[in-house]
Each structure stands twice: as structure tokens, then as C-alpha cells.
file query.cif (mmCIF, C-alpha atoms and all ligand atoms; chains and numbers go by the auth columns)
data_my_file
loop_
_atom_site.group_PDB
_atom_site.id
_atom_site.type_symbol
_atom_site.label_atom_id
_atom_site.label_comp_id
_atom_site.label_asym_id
_atom_site.label_seq_id
_atom_site.Cartn_x
_atom_site.Cartn_y
_atom_site.Cartn_z
_atom_site.B_iso_or_equiv
_atom_site.auth_seq_id
_atom_site.auth_asym_id
ATOM 1 C CA MET A 1 -50.452 -82.297 -42.669 0.00 29 A
ATOM 2 C CA ARG A 2 -49.678 -83.797 -46.040 0.00 30 A
ATOM 3 C CA TYR A 3 -50.864 -82.410 -49.311 0.00 31 A
ATOM 4 C CA LEU A 4 -51.892 -83.779 -52.636 0.00 32 A
ATOM 5 C CA TYR A 5 -49.869 -81.662 -55.020 0.00 33 A
ATOM 6 C CA VAL A 6 -51.170 -81.165 -58.524 0.00 34 A
ATOM 7 C CA GLY A 7 -48.464 -79.614 -60.628 0.00 35 A
ATOM 8 C CA ALA A 8 -48.503 -78.436 -64.200 0.00 36 A
ATOM 9 C CA THR A 9 -46.008 -77.638 -66.905 0.00 37 A
ATOM 10 C CA PRO A 10 -46.302 -74.083 -68.299 0.00 38 A
ATOM 11 C CA GLU A 11 -48.315 -74.882 -71.449 0.00 39 A
ATOM 12 C CA VAL A 12 -51.171 -76.627 -69.636 0.00 40 A
ATOM 13 C CA ASP A 13 -54.770 -75.478 -70.138 0.00 41 A
ATOM 14 C CA ARG A 14 -55.409 -73.675 -66.816 0.00 42 A
ATOM 15 C CA GLU A 15 -59.134 -74.326 -66.749 0.00 43 A
ATOM 16 C CA ALA A 16 -58.561 -78.058 -67.158 0.00 44 A
ATOM 17 C CA LEU A 17 -55.940 -77.904 -64.428 0.00 45 A
ATOM 18 C CA MET A 18 -58.355 -76.229 -62.018 0.00 46 A
ATOM 19 C CA ALA A 19 -60.979 -78.861 -62.792 0.00 47 A
ATOM 20 C CA VAL A 20 -58.503 -81.684 -62.123 0.00 48 A
ATOM 21 C CA ARG A 21 -57.387 -80.081 -58.852 0.00 49 A
ATOM 22 C CA GLU A 22 -60.938 -79.727 -57.595 0.00 50 A
ATOM 23 C CA ARG A 23 -61.737 -83.283 -58.546 0.00 51 A
ATOM 24 C CA MET A 24 -58.650 -84.673 -56.816 0.00 52 A
ATOM 25 C CA ALA A 25 -59.402 -82.763 -53.618 0.00 53 A
ATOM 26 C CA ALA A 26 -62.932 -84.172 -53.559 0.00 54 A
ATOM 27 C CA GLU A 27 -62.006 -87.727 -54.504 0.00 55 A
ATOM 28 C CA PHE A 28 -59.028 -88.256 -52.203 0.00 56 A
ATOM 29 C CA ASN A 29 -60.309 -86.031 -49.398 0.00 57 A
ATOM 30 C CA ALA A 30 -56.911 -84.365 -49.046 0.00 58 A
ATOM 31 C CA PRO A 31 -55.928 -80.716 -49.266 0.00 59 A
ATOM 32 C CA VAL A 32 -54.588 -79.916 -52.716 0.00 60 A
ATOM 33 C CA ARG A 33 -51.640 -77.648 -53.338 0.00 61 A
ATOM 34 C CA GLU A 34 -50.450 -76.201 -56.593 0.00 62 A
ATOM 35 C CA LEU A 35 -46.959 -76.635 -57.940 0.00 63 A
ATOM 36 C CA GLU A 36 -45.584 -74.916 -61.014 0.00 64 A
ATOM 37 C CA LEU A 37 -43.304 -77.198 -62.974 0.00 65 A
ATOM 38 C CA ALA A 38 -40.749 -76.277 -65.607 0.00 66 A
ATOM 39 C CA ALA A 39 -41.180 -77.371 -69.209 0.00 67 A
ATOM 40 C CA ILE A 40 -40.162 -80.985 -69.792 0.00 68 A
ATOM 41 C CA GLU A 41 -38.090 -80.397 -72.916 0.00 69 A
ATOM 42 C CA PHE A 42 -35.285 -82.496 -71.403 0.00 70 A
ATOM 43 C CA ALA A 43 -37.518 -85.543 -71.873 0.00 71 A
ATOM 44 C CA LEU A 44 -38.102 -84.910 -75.583 0.00 72 A
ATOM 45 C CA ASP A 45 -37.202 -87.741 -77.905 0.00 73 A
ATOM 46 C CA ARG A 46 -36.502 -85.901 -81.150 0.00 74 A
ATOM 47 C CA GLY A 47 -36.998 -88.965 -83.310 0.00 75 A
ATOM 48 C CA ARG A 48 -40.434 -89.747 -81.856 0.00 76 A
ATOM 49 C CA ARG A 49 -41.376 -86.137 -81.142 0.00 77 A
ATOM 50 C CA GLN A 50 -42.764 -87.352 -77.852 0.00 78 A
ATOM 51 C CA TYR A 51 -41.678 -87.036 -74.259 0.00 79 A
ATOM 52 C CA GLY A 52 -40.401 -89.905 -72.159 0.00 80 A
ATOM 53 C CA SER A 53 -42.617 -90.457 -69.130 0.00 81 A
ATOM 54 C CA ILE A 54 -39.860 -92.304 -67.246 0.00 82 A
ATOM 55 C CA PRO A 55 -37.446 -89.305 -67.133 0.00 83 A
ATOM 56 C CA VAL A 56 -40.441 -87.132 -66.206 0.00 84 A
ATOM 57 C CA LEU A 57 -41.235 -89.393 -63.230 0.00 85 A
ATOM 58 C CA GLU A 58 -37.572 -89.254 -62.205 0.00 86 A
ATOM 59 C CA LEU A 59 -37.707 -85.464 -62.261 0.00 87 A
ATOM 60 C CA LEU A 60 -40.952 -85.438 -60.260 0.00 88 A
ATOM 61 C CA SER A 61 -39.356 -87.645 -57.594 0.00 89 A
ATOM 62 C CA ARG A 62 -36.584 -85.079 -57.245 0.00 90 A
ATOM 63 C CA VAL A 63 -38.866 -82.030 -57.001 0.00 91 A
ATOM 64 C CA CYS A 64 -41.599 -83.701 -54.928 0.00 92 A
ATOM 65 C CA PRO A 65 -42.109 -81.506 -51.814 0.00 93 A
ATOM 66 C CA ALA A 66 -41.381 -83.088 -48.436 0.00 94 A
ATOM 67 C CA ASP A 67 -44.975 -82.540 -47.295 0.00 95 A
ATOM 68 C CA ALA A 68 -46.444 -84.180 -50.391 0.00 96 A
ATOM 69 C CA LEU A 69 -48.709 -87.151 -49.934 0.00 97 A
ATOM 70 C CA LYS A 70 -48.629 -87.493 -53.719 0.00 98 A
ATOM 71 C CA LEU A 71 -47.579 -85.342 -56.640 0.00 99 A
ATOM 72 C CA LEU A 72 -49.606 -85.522 -59.821 0.00 100 A
ATOM 73 C CA ALA A 73 -48.152 -83.619 -62.768 0.00 101 A
ATOM 74 C CA VAL A 74 -50.265 -82.520 -65.712 0.00 102 A
ATOM 75 C CA THR A 75 -48.732 -81.813 -69.098 0.00 103 A
ATOM 76 C CA GLU A 76 -49.932 -81.140 -72.626 0.00 104 A
ATOM 77 C CA ARG A 77 -46.920 -83.017 -74.015 0.00 105 A
ATOM 78 C CA ASP A 78 -47.499 -86.412 -75.596 0.00 106 A
ATOM 79 C CA LEU A 79 -45.852 -89.053 -73.425 0.00 107 A
ATOM 80 C CA PHE A 80 -44.385 -92.441 -74.239 0.00 108 A
ATOM 81 C CA ILE A 81 -42.468 -95.310 -72.765 0.00 109 A
ATOM 82 C CA PRO A 82 -40.103 -97.188 -75.093 0.00 110 A
ATOM 83 C CA VAL A 83 -42.288 -100.290 -75.512 0.00 111 A
ATOM 84 C CA LEU A 84 -45.515 -98.384 -76.257 0.00 112 A
ATOM 85 C CA THR A 85 -46.614 -95.950 -78.972 0.00 113 A
ATOM 86 C CA PHE A 86 -47.819 -93.555 -76.303 0.00 114 A
ATOM 87 C CA VAL A 87 -49.171 -93.433 -72.755 0.00 115 A
ATOM 88 C CA TYR A 88 -51.977 -91.275 -71.370 0.00 116 A
ATOM 89 C CA GLY A 89 -50.125 -91.205 -68.103 0.00 117 A
ATOM 90 C CA HIS A 90 -47.603 -92.999 -65.936 0.00 118 A
ATOM 91 C CA ALA A 91 -47.212 -93.473 -62.200 0.00 119 A
ATOM 92 C CA GLN A 92 -44.897 -95.032 -59.643 0.00 120 A
ATOM 93 C CA LEU A 93 -46.938 -97.951 -58.332 0.00 121 A
ATOM 94 C CA GLY A 94 -47.232 -97.372 -54.606 0.00 122 A
ATOM 95 C CA GLY A 95 -44.930 -94.392 -54.932 0.00 123 A
ATOM 96 C CA ARG A 96 -45.443 -90.672 -54.664 0.00 124 A
ATOM 97 C CA VAL A 97 -45.403 -89.320 -58.207 0.00 125 A
ATOM 98 C CA ALA A 98 -47.508 -89.597 -61.346 0.00 126 A
ATOM 99 C CA VAL A 99 -47.993 -87.722 -64.599 0.00 127 A
ATOM 100 C CA ILE A 100 -50.882 -87.418 -67.033 0.00 128 A
ATOM 101 C CA SER A 101 -50.872 -85.999 -70.541 0.00 129 A
ATOM 102 C CA LEU A 102 -53.797 -84.050 -71.953 0.00 130 A
ATOM 103 C CA ALA A 103 -52.411 -84.406 -75.495 0.00 131 A
ATOM 104 C CA ARG A 104 -54.729 -87.211 -76.614 0.00 132 A
ATOM 105 C CA LEU A 105 -57.780 -86.377 -74.521 0.00 133 A
ATOM 106 C CA ARG A 106 -59.384 -83.736 -76.731 0.00 134 A
ATOM 107 C CA GLN A 107 -61.869 -84.629 -79.422 0.00 135 A
ATOM 108 C CA GLU A 108 -59.839 -82.504 -81.866 0.00 136 A
ATOM 109 C CA PHE A 109 -56.987 -84.997 -81.597 0.00 137 A
ATOM 110 C CA TYR A 110 -59.279 -87.521 -83.307 0.00 138 A
ATOM 111 C CA GLY A 111 -60.498 -85.062 -85.941 0.00 139 A
ATOM 112 C CA LEU A 112 -63.768 -84.384 -84.110 0.00 140 A
ATOM 113 C CA ALA A 113 -65.442 -81.159 -82.995 0.00 141 A
ATOM 114 C CA PRO A 114 -64.216 -79.834 -79.631 0.00 142 A
ATOM 115 C CA ASN A 115 -66.216 -80.946 -76.585 0.00 143 A
ATOM 116 C CA ARG A 116 -65.086 -79.489 -73.290 0.00 144 A
ATOM 117 C CA GLU A 117 -67.180 -81.817 -71.173 0.00 145 A
ATOM 118 C CA ILE A 118 -65.768 -84.964 -72.771 0.00 146 A
ATOM 119 C CA PHE A 119 -62.230 -83.579 -72.519 0.00 147 A
ATOM 120 C CA LEU A 120 -62.518 -82.763 -68.811 0.00 148 A
ATOM 121 C CA GLU A 121 -64.169 -86.101 -68.057 0.00 149 A
ATOM 122 C CA ARG A 122 -61.250 -87.908 -69.696 0.00 150 A
ATOM 123 C CA ALA A 123 -58.769 -85.785 -67.755 0.00 151 A
ATOM 124 C CA HIS A 124 -60.516 -86.707 -64.490 0.00 152 A
ATOM 125 C CA LYS A 125 -60.405 -90.400 -65.347 0.00 153 A
ATOM 126 C CA GLU A 126 -56.718 -90.299 -66.166 0.00 154 A
ATOM 127 C CA ALA A 127 -55.921 -88.334 -63.010 0.00 155 A
ATOM 128 C CA LEU A 128 -57.849 -90.815 -60.842 0.00 156 A
ATOM 129 C CA HIS A 129 -56.182 -93.727 -62.611 0.00 157 A
ATOM 130 C CA GLU A 130 -52.614 -92.546 -62.162 0.00 158 A
ATOM 131 C CA VAL A 131 -53.078 -91.310 -58.600 0.00 159 A
ATOM 132 C CA GLY A 132 -54.782 -94.639 -57.901 0.00 160 A
ATOM 133 C CA HIS A 133 -51.576 -96.393 -58.973 0.00 161 A
ATOM 134 C CA THR A 134 -49.563 -94.276 -56.525 0.00 162 A
ATOM 135 C CA PHE A 135 -51.866 -95.556 -53.776 0.00 163 A
ATOM 136 C CA GLY A 136 -50.959 -99.087 -54.840 0.00 164 A
ATOM 137 C CA LEU A 137 -54.013 -99.881 -56.940 0.00 165 A
ATOM 138 C CA VAL A 138 -53.341 -102.105 -59.945 0.00 166 A
ATOM 139 C CA HIS A 139 -55.403 -102.487 -63.110 0.00 167 A
ATOM 140 C CA CYS A 140 -58.987 -103.457 -62.426 0.00 168 A
ATOM 141 C CA VAL A 141 -60.993 -106.088 -64.306 0.00 169 A
ATOM 142 C CA ASP A 142 -64.119 -103.910 -64.101 0.00 170 A
ATOM 143 C CA ARG A 143 -64.034 -102.097 -67.428 0.00 171 A
ATOM 144 C CA ASN A 144 -66.119 -99.241 -66.014 0.00 172 A
ATOM 145 C CA CYS A 145 -63.695 -98.592 -63.161 0.00 173 A
ATOM 146 C CA ALA A 146 -61.210 -95.721 -63.355 0.00 174 A
ATOM 147 C CA MET A 147 -58.480 -98.315 -62.669 0.00 175 A
ATOM 148 C CA ALA A 148 -59.314 -100.352 -65.798 0.00 176 A
ATOM 149 C CA LEU A 149 -56.515 -100.447 -68.334 0.00 177 A
ATOM 150 C CA GLY A 150 -57.172 -97.896 -71.055 0.00 178 A
ATOM 151 C CA THR A 151 -54.975 -98.162 -74.118 0.00 179 A
ATOM 152 C CA ASN A 152 -57.238 -96.314 -76.542 0.00 180 A
ATOM 153 C CA ILE A 153 -59.748 -93.526 -76.259 0.00 181 A
ATOM 154 C CA ARG A 154 -62.772 -95.836 -76.587 0.00 182 A
ATOM 155 C CA GLN A 155 -61.593 -97.726 -73.521 0.00 183 A
ATOM 156 C CA ILE A 156 -61.117 -94.450 -71.664 0.00 184 A
ATOM 157 C CA ASP A 157 -64.609 -93.368 -72.635 0.00 185 A
ATOM 158 C CA GLY A 158 -65.996 -96.706 -71.467 0.00 186 A
ATOM 159 C CA LYS A 159 -64.787 -96.023 -67.937 0.00 187 A
ATOM 160 C CA ARG A 160 -66.533 -93.950 -65.310 0.00 188 A
ATOM 161 C CA ALA A 161 -64.641 -91.133 -63.609 0.00 189 A
ATOM 162 C CA ALA A 162 -64.859 -93.088 -60.368 0.00 190 A
ATOM 163 C CA PHE A 163 -63.414 -96.135 -58.674 0.00 191 A
ATOM 164 C CA CYS A 164 -65.403 -99.356 -58.481 0.00 192 A
ATOM 165 C CA VAL A 165 -66.526 -100.593 -55.047 0.00 193 A
ATOM 166 C CA SER A 166 -63.508 -102.884 -54.724 0.00 194 A
ATOM 167 C CA CYS A 167 -60.904 -100.256 -55.680 0.00 195 A
ATOM 168 C CA ALA A 168 -62.591 -97.642 -53.493 0.00 196 A
ATOM 169 C CA ALA A 169 -62.464 -100.110 -50.575 0.00 197 A
ATOM 170 C CA GLN A 170 -58.750 -100.686 -51.158 0.00 198 A
ATOM 171 C CA LEU A 171 -58.180 -96.931 -51.071 0.00 199 A
ATOM 172 C CA ARG A 172 -60.075 -96.627 -47.806 0.00 200 A
ATOM 173 C CA ARG A 173 -57.874 -99.310 -46.287 0.00 201 A
ATOM 174 C CA ARG A 174 -54.953 -96.883 -46.422 0.00 202 A
ATOM 175 C CA PRO A 175 -56.030 -94.367 -43.787 0.00 203 A
ATOM 176 C CA ARG A 176 -52.610 -94.091 -42.151 0.00 204 A
ATOM 177 C CA GLU A 177 -51.016 -92.917 -45.355 0.00 205 A
ATOM 178 C CA LEU A 178 -53.698 -90.261 -45.701 0.00 206 A
ATOM 179 C CA GLU A 179 -53.356 -89.048 -42.117 0.00 207 A
ATOM 180 C CA LYS A 180 -49.598 -88.787 -41.889 0.00 208 A
HETATM 181 ZN ZN ZN B . -52.611 -97.926 -65.389 0.00 301 B
HETATM 182 ZN ZN ZN B . -61.816 -101.094 -59.815 0.00 302 B
#

call {"tool": "encode", "arguments": {"input": "query.cif", "output": "C-alpha cells"}}
result
Amino acid sequence: MRYLYVGATPEVDREALMAVRERMAAEFNAPVRELELAAIEFALDRGRRQYGSIPVLELLSRVCPADALKLLAVTERDLFIPVLTFVYGHAQLGGRVAVISLARLRQEFYGLAPNREIFLERAHKEALHEVGHTFGLVHCVDRNCAMALGTNIRQIDGKRAAFCVSCAAQLRRRPRELEK
């Protein structure tokens, strides 16, 4: 049996984490296991006051349990890669590990009134997107698909928290990986 691990760094909103775990279990039809992760202060870039997603992925590869189908990490820390201002998440394409950041998913980040529903919906989309990459899915031309590229919050909000027919079919074509 292989598990879809959903890990979290200590500061993560637990209710959001539970919601993401439930959604992942339903979407990928795999048993979900929890994994507590240490704080990612080692990845802090003091100049940018953001956290490098590449060193985080390297760490996740090292701590990824042997029985993990995939490991998705959730953090509240704002992530970046050197060539971009920020990233909502990052994954090893066709690999085992991915990370999403909740930092820019709340309405408050944009100076708006809190809205739990919108926040959780965005978290689901990002989780699907990054785990989708680990299953080998690349960016989708369907702007409503969870695998569409989302570089700003309007693009995220334009997506559905679901895969399009084509991406869903590609996922289904990987039954061996899911059964191992
Ligand atoms: Zn992507
Ligand atoms: Zn798609």
C-alpha cells in the first residue's frame, strides 16, 4: 500500500490542512497520511524575506517516507524561485514531492475582507495543481482546469478546483503508479 502524504509545517492553519487532506484523498482515490514537518527557516532568504521552494523540495525528497506515493507539503511561508517574484507552489514534475504556500491565498493578503470559502477553494486548486505535476501533468491550455498556469490570484480564481477531461484522463492512465 502506498500513501498520499500531506505534510505541514508547524504554523499552518489546521482547518485548512484538514480540508486539503480530505480533498486529496477524494480526488486521487488514495489513502492519505499526515506528516508533521519542521519549520523551513533554513530556506529563508533574508533579503527577500521569502522562502526558497527549491531547497524545500530538496528537503522533502530527503524526508519523503518510503511508502509515499506522493508527498505534498503545506506551508504558510511565502515561497519563491530565483527567477520569479513568488510562487504559489512548486513540484517535481513526475517526481514524488510538492509544496504549496497558503501565504497569498487569503483575501486579506489583497486587502479584502476574509472569506474562508474562497481561501479553501484556492488551497484545493493549488494542491491539485502541484500534485498533478508530480503525476507528470504539465500546464493545461484550458484556463478553467486546475492544471492551467496561475501566476496571479485572478488566474487562480478563474480555474475550477478540478481537472479538465483531458488531464483527468491522463491521470487515469497511470493506474500502476497508484496501485504499487
Ligand atoms: Zn504549475
Ligand atoms: Zn487540463

call {"tool": "atom_distance", "arguments": {"input": "query.cif", "atom1": "CA of Val102 (chain A)", "atom2": "CA of Asp41 (chain A)"}}
result
9.5 Å

call {"tool": "resolve_selection", "arguments": {"input": "query.cif", "expression": "the PyMOL selection byres (((chain A and resi 139-153) around 7) and not hetatm)", "output": "PDB file with C-alpha atoms, in the frame of the given file"}}
result
ATOM      1  CA  ALA A  44     -58.561 -78.058 -67.158  1.00  0.00           C
ATOM      2  CA  VAL A  48     -58.503 -81.684 -62.123  1.00  0.00           C
ATOM      3  CA  ARG A  51     -61.737 -83.283 -58.546  1.00  0.00           C
ATOM      4  CA  LEU A 130     -53.797 -84.050 -71.953  1.00  0.00           C
ATOM      5  CA  LEU A 133     -57.780 -86.377 -74.521  1.00  0.00           C
ATOM      6  CA  ARG A 134     -59.384 -83.736 -76.731  1.00  0.00           C
ATOM      7  CA  GLN A 135     -61.869 -84.629 -79.422  1.00  0.00           C
ATOM      8  CA  GLU A 136     -59.839 -82.504 -81.866  1.00  0.00           C
ATOM      9  CA  PHE A 137     -56.987 -84.997 -81.597  1.00  0.00           C
ATOM     10  CA  TYR A 138     -59.279 -87.521 -83.307  1.00  0.00           C
ATOM     11  CA  GLU A 154     -56.718 -90.299 -66.166  1.00  0.00           C
ATOM     12  CA  ALA A 155     -55.921 -88.334 -63.010  1.00  0.00           C
ATOM     13  CA  LEU A 156     -57.849 -90.815 -60.842  1.00  0.00           C
ATOM     14  CA  HIS A 157     -56.182 -93.727 -62.611  1.00  0.00           C
ATOM     15  CA  ALA A 174     -61.210 -95.721 -63.355  1.00  0.00           C
ATOM     16  CA  ILE A 184     -61.117 -94.450 -71.664  1.00  0.00           C
ATOM     17  CA  ALA A 189     -64.641 -91.133 -63.609  1.00  0.00           C
TER      18      ALA A 189
END

call {"tool": "closest_atom_pairs", "arguments": {"input": "query.cif", "of": "chain A", "to": "ligand ZN 302 (chain B)", "cutoff": "10 Å", "atoms": "all atoms listed in the file", "output": "Markdown table"}}
result
| residue | atom | partner | partner_atom | distance |
| --- | --- | --- | --- | --- |
| A:His157 | CA | B:ZN302 | ZN | 9.7 |
| A:Gly160 | CA | B:ZN302 | ZN | 9.7 |
| A:Leu165 | CA | B:ZN302 | ZN | 8.4 |
| A:Val166 | CA | B:ZN302 | ZN | 8.5 |
| A:His167 | CA | B:ZN302 | ZN | 7.3 |
| A:Cys168 | CA | B:ZN302 | ZN | 4.5 |
| A:Val169 | CA | B:ZN302 | ZN | 6.8 |
| A:Asp170 | CA | B:ZN302 | ZN | 5.6 |
| A:Arg171 | CA | B:ZN302 | ZN | 8.0 |
| A:Asn172 | CA | B:ZN302 | ZN | 7.8 |
| A:Cys173 | CA | B:ZN302 | ZN | 4.6 |
| A:Ala174 | CA | B:ZN302 | ZN | 6.5 |
| A:Met175 | CA | B:ZN302 | ZN | 5.2 |
| A:Ala176 | CA | B:ZN302 | ZN | 6.5 |
| A:Ala190 | CA | B:ZN302 | ZN | 8.6 |
| A:Phe191 | CA | B:ZN302 | ZN | 5.3 |
| A:Cys192 | CA | B:ZN302 | ZN | 4.2 |
| A:Val193 | CA | B:ZN302 | ZN | 6.7 |
| A:Ser194 | CA | B:ZN302 | ZN | 5.7 |
| A:Cys195 | CA | B:ZN302 | ZN | 4.3 |
| A:Ala196 | CA | B:ZN302 | ZN | 7.2 |
| A:Ala197 | CA | B:ZN302 | ZN | 9.3 |
| A:Gln198 | CA | B:ZN302 | ZN | 9.2 |

call {"tool": "closest_residue", "arguments": {"input": "query.cif", "among": "A:Arg61, A:Arg202, A:Arg105, A:Arg182", "to": "Met46 (chain A)", "atoms": "all atoms listed in the file"}}
result
A:Arg61

call {"tool": "closest_residue", "arguments": {"input": "query.cif", "among": "A:Ile181, A:Ala131, A:Val115, A:Leu99", "to": "ligand ZN 301 (chain B)", "atoms": "only C-alpha atoms and all ligand atoms"}}
result
A:Val115

call {"tool": "residues_around", "arguments": {"input": "query.cif", "residues": "Ser129 (chain A)", "least_positions_apart": "5", "cutoff": "7 Å", "atoms": "only C-alpha atoms", "output": "list of chain:residue names"}}
result
A:Val102, A:Thr103, A:Glu104, A:Arg105, A:Asp106, A:Leu107, A:Tyr116, A:Gly117

call {"tool": "closest_residue", "arguments": {"input": "query.cif", "among": "A:Ala101, A:Leu63, A:Ile109, A:Leu121", "to": "Tyr79 (chain A)", "atoms": "only C-alpha atoms"}}
result
A:Ile109

call {"tool": "resolve_selection", "arguments": {"input": "query.cif", "expression": "the PyMOL selection byres (((chain A and resi 65-75) around 7) and not hetatm)", "output": "list in words"}}
result
Gly35, Ala36, Thr37, Pro38, Leu63, Glu64, Arg76, Arg77, Gln78, Tyr79, Gly80, Pro83 and Val84 of chain A

call {"tool": "atom_distance", "arguments": {"input": "query.cif", "atom1": "CA of Ala96 (chain A)", "atom2": "CA of Leu112 (chain A)"}}
result
29.5 Å

call {"tool": "atom_distance", "arguments": {"input": "query.cif", "atom1": "CA of Glu62 (chain A)", "atom2": "CA of Arg42 (chain A)"}}
result
11.6 Å

call {"tool": "closest_residue", "arguments": {"input": "query.cif", "among": "A:Leu88, A:Arg201, A:His161, A:Arg188", "to": "ligand ZN 301 (chain B)", "atoms": "all atoms listed in the file"}}
result
A:His161

call {"tool": "residues_near_point", "arguments": {"input": "query.cif", "point": "(-46.7, -82.6, -48.1)", "cutoff": "8 Å", "atoms": "all atoms listed in the file", "output": "PDB file with C-alpha atoms, in the frame of the given file"}}
result
ATOM      1  CA  MET A  29     -50.452 -82.297 -42.669  1.00  0.00           C
ATOM      2  CA  ARG A  30     -49.678 -83.797 -46.040  1.00  0.00           C
ATOM      3  CA  TYR A  31     -50.864 -82.410 -49.311  1.00  0.00           C
ATOM      4  CA  LEU A  32     -51.892 -83.779 -52.636  1.00  0.00           C
ATOM      5  CA  TYR A  33     -49.869 -81.662 -55.020  1.00  0.00           C
ATOM      6  CA  PRO A  93     -42.109 -81.506 -51.814  1.00  0.00           C
ATOM      7  CA  ALA A  94     -41.381 -83.088 -48.436  1.00  0.00           C
ATOM      8  CA  ASP A  95     -44.975 -82.540 -47.295  1.00  0.00           C
ATOM      9  CA  ALA A  96     -46.444 -84.180 -50.391  1.00  0.00           C
ATOM     10  CA  LEU A  97     -48.709 -87.151 -49.934  1.00  0.00           C
ATOM     11  CA  LYS A  98     -48.629 -87.493 -53.719  1.00  0.00           C
TER      12      LYS A  98
END

call {"tool": "closest_residue", "arguments": {"input": "query.cif", "among": "A:Leu85, A:Ile128, A:Val40, A:Met52", "to": "Phe114 (chain A)", "atoms": "all atoms listed in the file"}}
result
A:Ile128

call {"tool": "closest_residue", "arguments": {"input": "query.cif", "among": "A:Val34, A:Leu87, A:Leu100, A:Leu177", "to": "ligand ZN 301 (chain B)", "atoms": "only C-alpha atoms and all ligand atoms"}}
result
A:Leu177

call {"tool": "resolve_selection", "arguments": {"input": "query.cif", "expression": "the PyMOL selection byres (((chain A and resi 123) around 8) and not hetatm)", "output": "VMD selection string"}}
result
chain A and resid 98 119 to 122 124 to 125 162 to 164

call {"tool": "build_atoms", "arguments": {"input": "query.cif", "residues": "region 73-89 of chain A", "atoms": "N, CA and C atoms", "output": "short mmCIF file (atom, residue, chain, number, x, y, z; two decimals), in the coordinates of the input"}}
result
data_model
loop_
_atom_site.label_atom_id
_atom_site.label_comp_id
_atom_site.auth_asym_id
_atom_site.auth_seq_id
_atom_site.Cartn_x
_atom_site.Cartn_y
_atom_site.Cartn_z
N ASP A 73 -37.90 -86.83 -77.00
CA ASP A 73 -37.20 -87.74 -77.90
C ASP A 73 -37.41 -87.16 -79.30
N ARG A 74 -36.34 -86.63 -79.88
CA ARG A 74 -36.50 -85.90 -81.15
C ARG A 74 -36.99 -86.79 -82.28
N GLY A 75 -36.56 -88.04 -82.27
CA GLY A 75 -37.00 -88.96 -83.31
C GLY A 75 -38.49 -89.22 -83.23
N ARG A 76 -39.01 -89.43 -82.05
CA ARG A 76 -40.43 -89.75 -81.86
C ARG A 76 -41.29 -88.50 -81.73
N ARG A 77 -40.67 -87.39 -81.44
CA ARG A 77 -41.38 -86.14 -81.14
C ARG A 77 -42.39 -86.35 -80.01
N GLN A 78 -41.96 -87.11 -79.05
CA GLN A 78 -42.76 -87.35 -77.85
C GLN A 78 -41.83 -87.24 -76.65
N TYR A 79 -42.44 -87.26 -75.48
CA TYR A 79 -41.68 -87.04 -74.26
C TYR A 79 -41.68 -88.30 -73.41
N GLY A 80 -40.51 -88.68 -72.95
CA GLY A 80 -40.40 -89.90 -72.16
C GLY A 80 -41.01 -89.74 -70.78
N SER A 81 -41.97 -90.60 -70.44
CA SER A 81 -42.62 -90.46 -69.13
C SER A 81 -41.69 -90.92 -68.00
N ILE A 82 -40.76 -91.81 -68.31
CA ILE A 82 -39.86 -92.30 -67.25
C ILE A 82 -38.94 -91.18 -66.74
N PRO A 83 -38.23 -90.45 -67.65
CA PRO A 83 -37.45 -89.30 -67.13
C PRO A 83 -38.31 -88.25 -66.44
N VAL A 84 -39.56 -88.10 -66.88
CA VAL A 84 -40.44 -87.13 -66.21
C VAL A 84 -40.72 -87.59 -64.77
N LEU A 85 -41.00 -88.88 -64.60
CA LEU A 85 -41.24 -89.39 -63.23
C LEU A 85 -39.99 -89.23 -62.36
N GLU A 86 -38.82 -89.43 -62.97
CA GLU A 86 -37.57 -89.25 -62.20
C GLU A 86 -37.43 -87.80 -61.73
N LEU A 87 -37.76 -86.88 -62.64
CA LEU A 87 -37.71 -85.46 -62.26
C LEU A 87 -38.70 -85.19 -61.13
N LEU A 88 -39.91 -85.70 -61.27
CA LEU A 88 -40.95 -85.44 -60.26
C LEU A 88 -40.51 -85.96 -58.89
N SER A 89 -39.85 -87.11 -58.87
CA SER A 89 -39.36 -87.64 -57.59
C SER A 89 -38.38 -86.67 -56.94
#
